[in-house]
>>> print(open('run.txt').read())   # compact mmCIF, C-alpha atoms and all ligand atoms
# COMPACT_ATOMS: atom_id res chain seq x y z
CA MET A 1 -64.28 -29.28 85.62
CA GLU A 2 -61.99 -29.68 88.58
CA LEU A 3 -58.64 -27.99 88.73
CA SER A 4 -55.64 -29.50 90.48
CA LYS A 5 -55.22 -28.91 94.20
CA ARG A 6 -51.71 -27.80 93.40
CA ILE A 7 -53.04 -24.75 91.61
CA THR A 8 -56.20 -24.05 93.61
CA HIS A 9 -54.21 -24.28 96.88
CA LEU A 10 -51.27 -22.26 95.63
CA THR A 11 -52.25 -19.26 97.70
CA ALA A 12 -53.57 -19.97 101.16
CA GLY A 13 -56.70 -17.83 100.61
CA GLY A 14 -58.24 -15.34 103.04
CA SER A 15 -57.00 -11.84 103.77
CA ASP A 16 -53.28 -11.71 103.17
CA GLY A 17 -52.61 -8.16 104.25
CA TRP A 18 -52.58 -6.83 100.69
CA ASP A 19 -55.97 -5.13 101.03
CA VAL A 20 -54.37 -1.78 101.79
CA PHE A 21 -52.28 -2.06 98.64
CA TYR A 22 -55.36 -2.73 96.48
CA ARG A 23 -57.24 0.08 98.24
CA ALA A 24 -54.41 2.50 97.42
CA ARG A 25 -54.42 1.37 93.78
CA ALA A 26 -58.21 1.89 93.61
CA MET A 27 -57.79 5.43 94.98
CA ILE A 28 -55.15 6.17 92.34
CA ASP A 29 -57.44 4.80 89.62
CA ALA A 30 -60.16 7.11 90.93
CA GLY A 31 -57.82 10.07 90.39
CA GLU A 32 -56.64 10.63 93.98
CA ALA A 33 -53.04 11.55 94.74
CA VAL A 34 -51.55 8.73 96.81
CA THR A 35 -47.90 8.48 97.87
CA GLU A 36 -47.02 4.85 97.19
CA LEU A 37 -44.32 3.30 99.33
CA THR A 38 -45.45 -0.24 98.69
CA ILE A 39 -43.83 -2.12 95.83
CA GLY A 40 -40.12 -2.96 95.50
CA GLU A 41 -39.48 -1.30 92.19
CA HIS A 42 -37.02 1.48 91.34
CA ASP A 43 -38.25 4.96 90.45
CA ILE A 44 -35.64 5.01 87.68
CA ARG A 45 -35.97 2.91 84.54
CA THR A 46 -33.46 0.58 82.89
CA HIS A 47 -30.31 2.54 81.92
CA PRO A 48 -30.42 3.75 78.27
CA SER A 49 -27.08 2.06 77.52
CA ILE A 50 -28.60 -1.31 78.47
CA LEU A 51 -31.61 -0.61 76.26
CA GLN A 52 -29.29 0.30 73.40
CA ALA A 53 -27.50 -3.03 73.80
CA MET A 54 -30.89 -4.77 73.84
CA HIS A 55 -31.96 -2.94 70.69
CA ALA A 56 -28.71 -3.65 68.87
CA SER A 57 -29.00 -7.34 69.71
CA ALA A 58 -32.61 -7.55 68.54
CA ILE A 59 -31.93 -5.64 65.32
CA GLY A 60 -28.87 -7.83 64.85
CA GLY A 61 -31.17 -10.83 64.73
CA HIS A 62 -31.03 -12.34 68.22
CA THR A 63 -34.81 -12.80 68.22
CA GLY A 64 -35.11 -16.52 67.57
CA TYR A 65 -35.03 -19.31 70.13
CA ALA A 66 -32.06 -18.70 72.38
CA MET A 67 -30.01 -21.48 73.96
CA VAL A 68 -32.25 -22.97 76.67
CA PRO A 69 -29.62 -23.01 79.46
CA GLY A 70 -28.73 -19.43 78.57
CA VAL A 71 -26.40 -17.84 76.04
CA ALA A 72 -22.94 -19.28 76.76
CA SER A 73 -21.28 -15.87 77.13
CA LEU A 74 -23.91 -14.71 79.66
CA ARG A 75 -23.52 -17.94 81.64
CA ASP A 76 -19.76 -17.33 81.63
CA THR A 77 -20.24 -13.74 82.75
CA VAL A 78 -22.55 -14.74 85.62
CA ALA A 79 -20.15 -17.53 86.61
CA ALA A 80 -17.19 -15.13 86.66
CA ARG A 81 -19.13 -12.58 88.71
CA VAL A 82 -20.26 -15.19 91.24
CA GLN A 83 -16.75 -16.64 91.48
CA ALA A 84 -15.21 -13.19 91.98
CA GLN A 85 -17.72 -12.34 94.72
CA SER A 86 -17.74 -15.65 96.56
CA GLY A 87 -14.36 -17.22 95.82
CA VAL A 88 -16.16 -20.48 94.88
CA LYS A 89 -15.07 -22.02 91.58
CA THR A 90 -17.99 -21.48 89.22
CA THR A 91 -18.29 -22.29 85.53
CA ARG A 92 -21.10 -21.97 83.03
CA ASP A 93 -22.13 -25.54 83.95
CA ASN A 94 -23.09 -24.20 87.38
CA VAL A 95 -25.35 -21.53 85.87
CA LEU A 96 -28.85 -21.67 84.40
CA ILE A 97 -30.33 -18.42 83.05
CA MET A 98 -34.02 -18.17 83.92
CA PRO A 99 -36.84 -15.66 83.42
CA GLY A 100 -36.21 -13.79 86.68
CA GLY A 101 -35.47 -14.63 90.27
CA GLN A 102 -39.06 -15.77 90.77
CA ALA A 103 -38.67 -18.51 88.14
CA ALA A 104 -35.39 -19.46 89.80
CA LEU A 105 -37.12 -19.78 93.19
CA PHE A 106 -39.67 -22.10 91.58
CA GLY A 107 -36.98 -24.07 89.76
CA ALA A 108 -34.88 -24.48 92.90
CA HIS A 109 -37.76 -25.91 94.93
CA HIS A 110 -38.90 -28.04 92.00
CA ALA A 111 -35.40 -29.48 91.78
CA VAL A 112 -34.99 -30.45 95.44
CA CYS A 113 -38.46 -31.11 96.90
CA ASN A 114 -40.61 -34.17 96.35
CA GLU A 115 -44.38 -34.11 96.77
CA GLY A 116 -45.25 -33.55 100.43
CA ASP A 117 -41.70 -32.64 101.50
CA THR A 118 -41.26 -29.95 104.11
CA ALA A 119 -39.57 -26.79 102.82
CA LEU A 120 -38.44 -24.32 105.49
CA PHE A 121 -38.39 -20.57 105.02
CA ILE A 122 -37.84 -17.61 107.31
CA ASP A 123 -40.75 -15.41 108.43
CA PRO A 124 -40.92 -12.39 107.70
CA TYR A 125 -40.67 -13.44 104.09
CA TYR A 126 -40.99 -12.20 100.51
CA ALA A 127 -44.67 -12.57 99.71
CA THR A 128 -44.40 -15.33 97.09
CA TYR A 129 -42.35 -17.80 99.14
CA PRO A 130 -45.10 -20.03 100.60
CA GLY A 131 -47.00 -20.12 97.28
CA THR A 132 -43.84 -21.00 95.36
CA ILE A 133 -43.21 -23.89 97.74
CA ARG A 134 -46.82 -25.08 97.46
CA SER A 135 -46.62 -24.83 93.66
CA VAL A 136 -44.14 -27.72 93.56
CA GLY A 137 -46.28 -29.82 95.91
CA ALA A 138 -44.11 -29.25 98.98
CA VAL A 139 -45.30 -28.01 102.37
CA PRO A 140 -44.07 -24.56 103.47
CA LYS A 141 -42.94 -24.37 107.09
CA PRO A 142 -42.03 -20.93 108.45
CA VAL A 143 -39.34 -20.40 111.06
CA LEU A 144 -39.82 -17.09 112.82
CA ALA A 145 -37.09 -14.45 113.03
CA HIS A 146 -37.90 -12.03 115.82
CA ALA A 147 -38.04 -8.24 115.91
CA SER A 148 -36.14 -8.41 119.20
CA ASP A 149 -33.23 -10.02 117.27
CA ALA A 150 -33.45 -7.37 114.53
CA PHE A 151 -35.00 -10.17 112.42
CA GLN A 152 -31.79 -12.20 112.24
CA PRO A 153 -32.92 -15.86 112.36
CA ARG A 154 -31.86 -17.95 115.35
CA PRO A 155 -29.90 -21.05 114.30
CA ALA A 156 -31.37 -22.85 117.38
CA ASP A 157 -34.90 -22.31 116.01
CA LEU A 158 -33.79 -23.64 112.62
CA GLU A 159 -32.20 -26.62 114.33
CA ALA A 160 -35.51 -27.37 116.04
CA ALA A 161 -37.47 -27.09 112.77
CA ALA A 162 -35.00 -29.00 110.58
CA PRO A 163 -35.63 -32.70 111.39
CA GLY A 164 -37.52 -34.21 108.47
CA ALA A 165 -37.27 -31.10 106.28
CA THR A 166 -35.75 -31.14 102.78
CA SER A 167 -34.79 -27.54 102.14
CA LEU A 168 -34.30 -24.14 103.72
CA LEU A 169 -34.90 -20.89 101.87
CA ILE A 170 -33.11 -17.76 103.08
CA ASN A 171 -32.88 -14.22 101.74
CA SER A 172 -30.08 -11.79 102.55
CA PRO A 173 -30.16 -8.82 102.02
CA ASN A 174 -33.72 -9.34 103.10
CA ASN A 175 -37.04 -8.27 101.75
CA PRO A 176 -39.04 -7.14 103.73
CA THR A 177 -36.76 -6.35 106.71
CA GLY A 178 -33.68 -4.78 105.07
CA VAL A 179 -31.53 -7.01 107.28
CA VAL A 180 -28.23 -8.48 106.08
CA TYR A 181 -27.37 -11.80 107.75
CA GLY A 182 -24.16 -11.74 109.73
CA ARG A 183 -21.35 -14.29 109.40
CA ASP A 184 -22.31 -15.98 112.68
CA VAL A 185 -25.93 -16.42 111.55
CA LEU A 186 -24.83 -17.80 108.18
CA ASP A 187 -22.38 -20.18 109.89
CA GLY A 188 -25.27 -21.32 112.10
CA ILE A 189 -27.51 -21.83 109.06
CA ALA A 190 -24.79 -23.79 107.26
CA GLY A 191 -24.33 -25.98 110.34
CA VAL A 192 -28.05 -26.81 110.43
CA CYS A 193 -28.04 -27.65 106.70
CA LEU A 194 -25.02 -29.93 107.06
CA ARG A 195 -26.31 -31.71 110.19
CA HIS A 196 -29.80 -32.26 108.75
CA ASP A 197 -28.81 -32.81 105.12
CA LEU A 198 -30.86 -29.84 103.90
CA TRP A 199 -30.62 -28.10 100.58
CA LEU A 200 -30.07 -24.39 101.06
CA ILE A 201 -31.82 -22.07 98.62
CA SER A 202 -30.20 -18.67 98.98
CA ASP A 203 -32.13 -15.79 97.44
CA GLU A 204 -29.48 -13.12 96.79
CA VAL A 205 -31.35 -10.83 94.39
CA TYR A 206 -30.45 -7.77 96.52
CA ASP A 207 -26.73 -8.57 96.69
CA THR A 208 -25.72 -5.20 95.19
CA GLN A 209 -27.74 -3.19 97.71
CA ILE A 210 -25.70 -3.31 100.89
CA TRP A 211 -25.63 -0.28 103.22
CA GLU A 212 -23.84 -1.86 106.18
CA GLY A 213 -21.48 -4.80 106.39
CA ALA A 214 -20.81 -7.03 103.41
CA HIS A 215 -22.72 -9.56 101.38
CA LEU A 216 -21.63 -13.10 102.10
CA SER A 217 -23.01 -15.92 99.99
CA PRO A 218 -23.50 -19.06 102.09
CA ARG A 219 -22.45 -21.10 99.03
CA ALA A 220 -18.92 -20.02 99.99
CA LEU A 221 -19.05 -21.63 103.44
CA PRO A 222 -17.27 -24.98 103.97
CA GLY A 223 -19.25 -27.91 102.59
CA MET A 224 -22.07 -25.74 101.27
CA ALA A 225 -21.37 -25.43 97.51
CA GLU A 226 -22.69 -28.95 96.87
CA ARG A 227 -25.99 -28.28 98.67
CA THR A 228 -26.70 -24.64 97.85
CA LEU A 229 -28.72 -23.16 95.00
CA VAL A 230 -28.25 -19.41 94.68
CA VAL A 231 -31.03 -17.28 93.18
CA GLY A 232 -29.80 -14.19 91.31
CA SER A 233 -31.47 -11.60 89.12
CA MET A 234 -30.93 -8.50 87.00
CA SER A 235 -34.18 -7.02 88.35
CA LYS A 236 -32.92 -5.18 91.43
CA SER A 237 -29.23 -4.74 90.61
CA HIS A 238 -29.81 -3.15 87.20
CA ALA A 239 -33.42 -1.88 87.35
CA MET A 240 -34.41 -4.54 84.84
CA THR A 241 -37.53 -5.82 86.59
CA GLY A 242 -39.55 -6.04 83.37
CA SER A 243 -36.83 -7.82 81.40
CA ARG A 244 -37.32 -11.04 83.38
CA CYS A 245 -33.74 -12.20 83.53
CA GLY A 246 -32.30 -14.08 86.48
CA TRP A 247 -30.40 -17.27 87.24
CA LEU A 248 -29.75 -20.22 89.45
CA VAL A 249 -26.21 -21.10 90.45
CA GLY A 250 -25.56 -24.52 91.94
CA PRO A 251 -24.00 -27.95 91.59
CA GLU A 252 -23.52 -29.07 87.99
CA GLN A 253 -25.76 -32.11 88.37
CA ALA A 254 -28.65 -30.04 89.73
CA ILE A 255 -28.22 -27.48 86.95
CA SER A 256 -28.23 -30.20 84.25
CA HIS A 257 -31.61 -31.45 85.53
CA LEU A 258 -32.90 -27.90 85.80
CA ILE A 259 -32.02 -27.38 82.13
CA ASN A 260 -34.52 -30.18 81.42
CA LEU A 261 -37.11 -28.28 83.45
CA ALA A 262 -36.42 -25.13 81.42
CA THR A 263 -36.74 -27.12 78.18
CA HIS A 264 -40.17 -28.31 79.27
CA THR A 265 -41.47 -25.02 80.66
CA THR A 266 -40.05 -21.65 79.62
CA TYR A 267 -37.74 -22.74 76.79
CA GLY A 268 -35.25 -20.13 77.86
CA VAL A 269 -35.02 -16.36 77.97
CA ALA A 270 -35.13 -14.03 74.93
CA GLY A 271 -31.67 -13.69 73.36
CA PHE A 272 -31.74 -9.89 73.13
CA ILE A 273 -32.60 -9.71 76.85
CA GLN A 274 -29.68 -11.97 77.67
CA ASP A 275 -27.33 -9.89 75.53
CA ALA A 276 -28.50 -6.76 77.34
CA ALA A 277 -27.92 -8.49 80.68
CA GLU A 278 -24.42 -9.49 79.64
CA PHE A 279 -23.67 -5.93 78.56
CA ALA A 280 -25.01 -4.61 81.89
CA LEU A 281 -22.98 -7.05 83.99
CA LYS A 282 -19.83 -6.21 82.05
CA GLU A 283 -20.33 -2.52 82.86
CA GLY A 284 -19.18 -3.58 86.33
CA PRO A 285 -19.86 -2.33 89.86
CA GLU A 286 -20.12 1.37 88.87
CA LEU A 287 -23.47 0.85 87.15
CA GLU A 288 -24.71 -1.31 90.03
CA ALA A 289 -23.71 1.41 92.49
CA GLU A 290 -25.53 4.01 90.37
CA VAL A 291 -28.73 1.95 90.49
CA ALA A 292 -28.38 1.40 94.24
CA ALA A 293 -27.45 5.02 95.07
CA PRO A 294 -30.98 6.46 95.51
CA PHE A 295 -31.84 3.80 98.11
CA ARG A 296 -28.62 4.40 100.01
CA ARG A 297 -29.37 8.15 100.09
CA ARG A 298 -32.96 7.66 101.22
CA ARG A 299 -31.93 5.15 103.85
CA ASP A 300 -29.56 7.79 105.30
CA LEU A 301 -32.32 10.40 105.10
CA ALA A 302 -34.69 8.02 106.89
CA GLN A 303 -32.22 7.43 109.68
CA GLN A 304 -31.95 11.17 110.32
CA ILE A 305 -35.74 11.55 110.38
CA LEU A 306 -36.30 8.50 112.58
CA ASP A 307 -33.51 9.50 114.98
CA GLY A 308 -35.43 12.74 115.62
CA GLN A 309 -38.44 11.01 117.20
CA ASN A 310 -39.12 8.14 119.55
CA ILE A 311 -42.48 6.64 118.59
CA VAL A 312 -41.65 4.75 115.41
CA GLY A 313 -38.97 2.15 116.00
CA GLN A 314 -36.59 1.11 113.25
CA ILE A 315 -34.80 -2.08 112.46
CA PRO A 316 -31.71 -0.46 110.94
CA SER A 317 -31.85 -1.10 107.18
CA GLN A 318 -28.55 -2.76 106.26
CA GLY A 319 -29.50 -3.52 102.68
CA ALA A 320 -32.23 -3.68 100.01
CA MET A 321 -34.76 -0.95 99.23
CA TYR A 322 -36.93 -1.22 102.34
CA LEU A 323 -37.35 0.04 105.88
CA MET A 324 -39.11 -2.11 108.44
CA LEU A 325 -40.66 0.18 111.03
CA ASP A 326 -42.07 -0.80 114.40
CA ILE A 327 -45.36 1.02 115.03
CA ARG A 328 -46.46 -0.94 118.10
CA ALA A 329 -46.27 2.23 120.24
CA THR A 330 -49.45 3.38 118.46
CA GLY A 331 -51.35 0.39 119.87
CA MET A 332 -52.31 -0.63 116.34
CA THR A 333 -51.51 -3.63 114.20
CA GLY A 334 -49.49 -2.99 111.06
CA GLU A 335 -52.64 -3.46 109.02
CA GLU A 336 -54.67 -0.99 111.11
CA PHE A 337 -51.90 1.56 110.97
CA ALA A 338 -51.41 1.20 107.20
CA ASN A 339 -55.14 1.62 106.60
CA ALA A 340 -55.36 4.62 108.93
CA LEU A 341 -52.31 6.25 107.31
CA LEU A 342 -53.82 5.76 103.88
CA ASP A 343 -57.12 7.32 104.99
CA ALA A 344 -55.58 10.24 106.87
CA HIS A 345 -52.59 11.12 104.66
CA ARG A 346 -53.00 9.19 101.41
CA ILE A 347 -49.69 7.44 102.09
CA ALA A 348 -49.61 3.74 101.23
CA VAL A 349 -47.23 1.36 103.03
CA MET A 350 -47.32 -2.40 103.43
CA PRO A 351 -48.50 -3.88 106.74
CA GLY A 352 -45.88 -6.15 108.30
CA GLU A 353 -48.60 -8.80 108.46
CA SER A 354 -48.38 -9.11 104.64
CA PHE A 355 -45.02 -10.76 105.18
CA GLY A 356 -45.93 -13.27 107.84
CA ARG A 357 -46.52 -13.44 111.58
CA ALA A 358 -43.13 -12.24 112.76
CA ALA A 359 -43.53 -8.72 111.36
CA ALA A 360 -46.92 -8.05 113.00
CA GLY A 361 -47.06 -4.56 114.47
CA HIS A 362 -44.63 -3.33 111.83
CA ILE A 363 -44.91 -1.69 108.44
CA ARG A 364 -42.65 -1.97 105.42
CA VAL A 365 -41.75 1.25 103.67
CA ALA A 366 -40.29 0.97 100.16
CA MET A 367 -37.77 3.77 99.52
CA THR A 368 -38.88 4.07 95.93
CA ILE A 369 -39.91 7.69 95.41
CA LEU A 370 -37.92 10.92 94.94
CA ASP A 371 -35.89 11.94 98.00
CA ASP A 372 -37.90 15.07 98.91
CA ASN A 373 -41.25 13.30 98.57
CA PHE A 374 -39.89 10.35 100.50
CA ALA A 375 -38.68 12.57 103.36
CA THR A 376 -41.99 14.45 103.48
CA ALA A 377 -43.98 11.20 103.56
CA LEU A 378 -41.79 9.69 106.27
CA ARG A 379 -42.10 12.83 108.41
CA SER A 380 -45.90 12.74 108.03
CA LEU A 381 -45.90 9.07 108.94
CA CYS A 382 -43.92 9.75 112.14
CA THR A 383 -46.11 12.70 113.10
CA PHE A 384 -49.22 10.59 112.53
CA ALA A 385 -47.81 7.78 114.65
CA GLY A 386 -47.02 10.33 117.37
CA THR A 387 -50.61 11.59 117.32
CA LEU A 388 -51.96 8.05 117.60
CA ALA A 389 -49.60 7.19 120.43
CA GLY A 390 -50.83 10.30 122.26
C1 LIG B 1 -36.61 -11.34 97.87
C2 LIG B 1 -37.02 -11.39 96.45
N1 LIG B 1 -36.74 -12.50 95.74
C3 LIG B 1 -37.08 -12.61 94.44
C4 LIG B 1 -37.77 -11.60 93.82
C5 LIG B 1 -38.17 -11.81 92.39
O1 LIG B 1 -37.49 -10.95 91.56
P1 LIG B 1 -37.42 -11.14 89.98
O2 LIG B 1 -38.30 -12.30 89.62
O3 LIG B 1 -37.90 -9.86 89.40
O4 LIG B 1 -35.99 -11.42 89.71
C6 LIG B 1 -38.11 -10.42 94.51
C7 LIG B 1 -38.87 -9.34 93.87
O5 LIG B 1 -39.34 -8.41 94.48
C8 LIG B 1 -37.71 -10.32 95.87
O6 LIG B 1 -37.99 -9.22 96.59
>>> encode(input="run.txt", output="structure tokens", more="lines below")
Ligand SMILES: Cc1ncc(COP(=O)(O)O)c(C=O)c1O
Amino acid sequence: MELSKRITHLTAGGSDGWDVFYRARAMIDAGEAVTELTIGEHDIRTHPSILQAMHASAIGGHTGYAMVPGVASLRDTVAARVQAQSGVKTTRDNVLIMPGGQAALFGAHHAVCNEGDTALFIDPYYATYPGTIRSVGAVPKPVLAHASDAFQPRPADLEAAAPGATSLLINSPNNPTGVVYGRDVLDGIAGVCLRHDLWLISDEVYDTQIWEGAHLSPRALPGMAERTLVVGSMSKSHAMTGSRCGWLVGPEQAISHLINLATHTTYGVAGFIQDAAEFALKEGPELEAEVAAPFRRRRDLAQQILDGQNIVGQIPSQGAMYLMLDIRATGMTGEEFANALLDAHRIAVMPGESFGRAAAGHIRVAMTILDDNFATALRSLCTFAGTLAG
């Protein structure tokens, strides 16, 4: 029996730069000690107080079908948070609770793209972006952000790519680069969207992890609220990756159609998870800062280590839990270097090539292990790069 092209073509096929990750996992399964700096997941678990709230809600009976658009009080809480951060009037009618940021990325593209439409995204990119776009029948078109610009996208390049496109997906703070888009870049992006009548899908799942500058949601820029869908999530801000709770914020009309999509796909998010999310959000910025603190510390540690050598180049990490390191001085590709580092030192990092063309010759390091182990691994990595560079 034949399957749909939509599903068989969801991933582009071929080597996608994840081989080193699977090799590391195979080594671990075989009992070897591997230092994993690959996946974007905290080394702490969900805070016990959030789990207690989850438990109390479940025991209290919130285990049946929950409201499909989201529990009203959670939608209100998300709306209030978004309004406080962005200054844009936001009510529960602008909010749809979804099973994680990934579902929200899918929903956003599903809502704005017709079959065959061009959907722009920035390269380097979070690994699922092209597949998510293909999954709604649209055609992913990358626009490269360059290492020489510290991976800030050039509005002129977006302008050139925009004619005929339907949507643009951006992500700041950025995975994999750790870059936070500046006001001028966001103004440029907004200008392109307005001139070319593009929807902007703004993935802001790392909005609580800012090390330099400030998070600015492009939904707050003039004329943008009516054409922007913001992707948010509890995963990164509250170490709730497994709870699968995120949201889309956007124009009321788009959200009302997206509620229909939720009715016909996920049928909402578990009530006790939503209650836990509401509890967590109401704990305020202190809890968010506590969850972000280890990454901030390790990012500072990394800067000290990297400042002490001159082989491995760094794109200063301004946010999120990653470092993007330039290893071109070794003469290797990111993939070659990652494989060699795994073989020589049992340290696993992601090749830049896993995240598109623009990050070739780079590696992404996730700052997701204990500080001392992280510092030791980063020092070994730098020494190894120095040896290779001769
Ligand atoms: C940039 C970005 N967007 C979205 C997601 C999806 O997050 P979740 O579905 O857990 O909310 C991730 C997860 O790593 C991510 O890095």
>>> residues_near_ligand(input="run.txt", ligand="ligand LIG 1 (chain B)", cutoff="9 Å", atoms="all atoms listed in the file", output="ChimeraX atom specification")
/A:39-41,99-105,125-129,170-176,203-206,231-236,240-247,320
>>> closest_atom_pairs(input="run.txt", of="stretch 152-250 of chain A", to="stretch 288-296 of chain A", cutoff="8 Å", atoms="only C-alpha atoms", output="JSON lines")
{"residue": "A:Thr208", "atom": "CA", "partner": "A:Glu288", "partner_atom": "CA", "distance": 6.5}
{"residue": "A:Gln209", "atom": "CA", "partner": "A:Ala292", "partner_atom": "CA", "distance": 5.8}
{"residue": "A:Trp211", "atom": "CA", "partner": "A:Arg296", "partner_atom": "CA", "distance": 6.4}
{"residue": "A:Ser237", "atom": "CA", "partner": "A:Glu288", "partner_atom": "CA", "distance": 5.7}
{"residue": "A:His238", "atom": "CA", "partner": "A:Glu288", "partner_atom": "CA", "distance": 6.1}
{"residue": "A:Ala239", "atom": "CA", "partner": "A:Val291", "partner_atom": "CA", "distance": 6.8}
>>> residues_around(input="run.txt", residues="stretch 145-157 of chain A", least_positions_apart="2", cutoff="6 Å", atoms="all atoms listed in the file", output="list in words")
Asp123, Glu159, Ala160, Gly188, Ile189 and Ile315 of chain A
>>> atom_distance(input="run.txt", atom1="atom CA of A:Gly356", atom2="atom CA of A:Trp18")
11.7 Å
>>> closest_residue(input="run.txt", among="A:Ala344, A:Leu198, A:Ala385, A:Ala302", to="A:Asp372", atoms="all atoms listed in the file")
A:Ala302
>>> atom_distance(input="run.txt", atom1="atom CA of A:Ala108", atom2="atom CA of A:Gly268")
15.7 Å
>>> closest_residue(input="run.txt", among="A:Met324, A:Leu144, A:Ala348, A:Cys193", to="A:Glu36", atoms="all atoms listed in the file")
A:Ala348
>>> closest_residue(input="run.txt", among="A:Phe279, A:Phe355, A:Phe374, A:Phe21", to="A:Gln52", atoms="all atoms listed in the file")
A:Phe279
>>> atom_distance(input="run.txt", atom1="atom CA of A:Ser354", atom2="atom CA of A:Lys141")
16.4 Å
>>> residues_around(input="run.txt", residues="stretch 358-367 of chain A", least_positions_apart="6", cutoff="6 Å", atoms="only C-alpha atoms", output="ChimeraX atom specification")
/A:37-38,123-124,144,321-328,333-334,349-352
>>> build_atoms(input="run.txt", residues="stretch 131-142 of chain A", atoms="N, CA, C and O atoms", output="PDB file, in the coordinates of the input")
ATOM      1  N   GLY A 131     -46.312 -19.680  98.491  1.00  0.00           N
ATOM      2  CA  GLY A 131     -47.000 -20.120  97.280  1.00  0.00           C
ATOM      3  C   GLY A 131     -46.055 -20.839  96.322  1.00  0.00           C
ATOM      4  O   GLY A 131     -46.427 -21.821  95.677  1.00  0.00           O
ATOM      5  N   THR A 132     -44.824 -20.349  96.230  1.00  0.00           N
ATOM      6  CA  THR A 132     -43.840 -21.000  95.360  1.00  0.00           C
ATOM      7  C   THR A 132     -43.571 -22.421  95.844  1.00  0.00           C
ATOM      8  O   THR A 132     -43.490 -23.368  95.051  1.00  0.00           O
ATOM      9  N   ILE A 133     -43.465 -22.560  97.165  1.00  0.00           N
ATOM     10  CA  ILE A 133     -43.210 -23.890  97.740  1.00  0.00           C
ATOM     11  C   ILE A 133     -44.415 -24.802  97.484  1.00  0.00           C
ATOM     12  O   ILE A 133     -44.281 -25.942  97.037  1.00  0.00           O
ATOM     13  N   ARG A 134     -45.614 -24.273  97.712  1.00  0.00           N
ATOM     14  CA  ARG A 134     -46.820 -25.080  97.460  1.00  0.00           C
ATOM     15  C   ARG A 134     -46.931 -25.464  95.985  1.00  0.00           C
ATOM     16  O   ARG A 134     -47.428 -26.529  95.648  1.00  0.00           O
ATOM     17  N   SER A 135     -46.457 -24.579  95.099  1.00  0.00           N
ATOM     18  CA  SER A 135     -46.620 -24.830  93.660  1.00  0.00           C
ATOM     19  C   SER A 135     -45.837 -26.042  93.183  1.00  0.00           C
ATOM     20  O   SER A 135     -46.108 -26.572  92.114  1.00  0.00           O
ATOM     21  N   VAL A 136     -44.856 -26.501  93.961  1.00  0.00           N
ATOM     22  CA  VAL A 136     -44.140 -27.720  93.560  1.00  0.00           C
ATOM     23  C   VAL A 136     -44.625 -28.922  94.386  1.00  0.00           C
ATOM     24  O   VAL A 136     -44.016 -29.987  94.354  1.00  0.00           O
ATOM     25  N   GLY A 137     -45.700 -28.715  95.136  1.00  0.00           N
ATOM     26  CA  GLY A 137     -46.280 -29.820  95.910  1.00  0.00           C
ATOM     27  C   GLY A 137     -45.630 -30.031  97.263  1.00  0.00           C
ATOM     28  O   GLY A 137     -45.929 -31.001  97.963  1.00  0.00           O
ATOM     29  N   ALA A 138     -44.744 -29.132  97.663  1.00  0.00           N
ATOM     30  CA  ALA A 138     -44.110 -29.250  98.980  1.00  0.00           C
ATOM     31  C   ALA A 138     -44.907 -28.455 100.007  1.00  0.00           C
ATOM     32  O   ALA A 138     -45.828 -27.710  99.663  1.00  0.00           O
ATOM     33  N   VAL A 139     -44.544 -28.638 101.276  1.00  0.00           N
ATOM     34  CA  VAL A 139     -45.300 -28.010 102.370  1.00  0.00           C
ATOM     35  C   VAL A 139     -44.430 -26.917 102.995  1.00  0.00           C
ATOM     36  O   VAL A 139     -43.350 -27.212 103.529  1.00  0.00           O
ATOM     37  N   PRO A 140     -44.878 -25.646 102.905  1.00  0.00           N
ATOM     38  CA  PRO A 140     -44.070 -24.560 103.470  1.00  0.00           C
ATOM     39  C   PRO A 140     -44.137 -24.549 104.987  1.00  0.00           C
ATOM     40  O   PRO A 140     -45.216 -24.668 105.558  1.00  0.00           O
ATOM     41  N   LYS A 141     -42.970 -24.430 105.620  1.00  0.00           N
ATOM     42  CA  LYS A 141     -42.940 -24.370 107.090  1.00  0.00           C
ATOM     43  C   LYS A 141     -42.116 -23.154 107.510  1.00  0.00           C
ATOM     44  O   LYS A 141     -40.891 -23.144 107.303  1.00  0.00           O
ATOM     45  N   PRO A 142     -42.785 -22.134 108.073  1.00  0.00           N
ATOM     46  CA  PRO A 142     -42.030 -20.930 108.450  1.00  0.00           C
ATOM     47  C   PRO A 142     -41.240 -21.120 109.746  1.00  0.00           C
ATOM     48  O   PRO A 142     -41.687 -21.828 110.642  1.00  0.00           O
TER      49      PRO A 142
END
